[in-house]
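> First the structure, then my questions, so here it is.
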Amino acid sequence: PFASLAGQRGVGDLQIHYRYQALTEGPGRAAFSPRFTLILPSGSTDKGLGSGAVGWQVNLPLSKQRNDLYFHVNGGFTHLAGVDSGAVPADDVNLFTPHVAASGIWRIRPMLNAMVESTVEWAHEVDGPGTTSRTAVSTVSPGARGGWNLGDHQLIVGLAAPLTWRNGAMDAGVFAY
């Protein structure tokens, strides 16, 4: 999990995901595929690339297709246990960050999609020794992806421009895969 944040580069926390396809999409029914993630503290806390604590994340997504449009909604939370908030272990805190998300995808051609994704989270963060605060963070990310079938494989490339609002300030970025 390589990360580049605020001028720091390195390995972030490792996330191990388990997803279960509980419901497949059908007439009048959305697909439902809950996900559980185990978060292992492998990133550097000094560089701001890791939490230094074991955690978990739960997501409850629903997806539905209407012709060439695909809609997704998702709700869940991230919990980090025993995050260092000061100089002594007694200052460790538990952080609980709920989030909601939605996206829409338009299939322009069989292997070309226009997309917009959005998230809102109420980030629970360390303020100082033993103290925490919560900040609303909103992101909207328009983008596109395309692909090619190569025998039994596919090559998928994508590009997005995430815009994030936090504490009255906006940050822009680029996401490529």
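In the structure tokens, chains take the letters A, B, ... in the order shown, each chain's residues start at 1, and ligands count up from 1 in the order shown.
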Set the distance at 12 Å and use only C-alpha atoms: which residues neighbour Gly7 of chain A once local chain neighbours fewer than 5 positions away are removed? I'd like the list as a list of chain:residue names.
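After dropping sequence-adjacent residues, the list is A:Lys47, A:Gly48, A:Leu49.
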> Please build the interface table for segment 58-106 of chain A against segment 16-30 of chain A with a cut-off of 6 Å, listing for each qualifying residue the nearest atom pair and the distance in Å to one decimal; count only C-alpha atoms, order rows by chain and increasing number, and write it as a tab-separated table.

```
residue	atom	partner	partner_atom	distance
A:Leu62	CA	A:Ala30	CA	5.9
A:Ser63	CA	A:Ala30	CA	5.4
A:Lys64	CA	A:Ala30	CA	4.9
```
> Within 8 Å of Ala102 of chain A, counting only C-alpha atoms, which residues show up once you throw out same-chain ones fewer than 3 positions away? Write them as a PyMOL selection string, please.
chain A and resi 71-74+117-119
> For each of A:Leu150, A:Ala53, A:Ala160, A:Ala81, take the minimum atom-to-atom distance to Met115 of chain A, counting only C-alpha atoms, then give the residue where this is smallest.
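Of all the options, A:Ala160 lies closest to Met115 of chain A.
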> Fewer than 6 positions away in the same chain doesn't count, so skip those; otherwise give me all residues within 9 Å of Thr78 of chain A, counting only C-alpha atoms, as a list of chain:residue names.
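Skipping anything fewer than 6 positions along the chain leaves A:Thr37, A:Gly55, A:Trp56, A:Gln57, A:Val58, A:Asn59, A:Leu95, A:Phe96, A:Thr97, A:Pro98, A:His99.
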> Using only C-alpha atoms, which of A:Leu163, A:Val11, A:Leu69, A:Ala123 sits nearest Ser42 of chain A?
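Once distances to Ser42 of chain A are computed over only C-alpha atoms, the minimum belongs to A:Val11.
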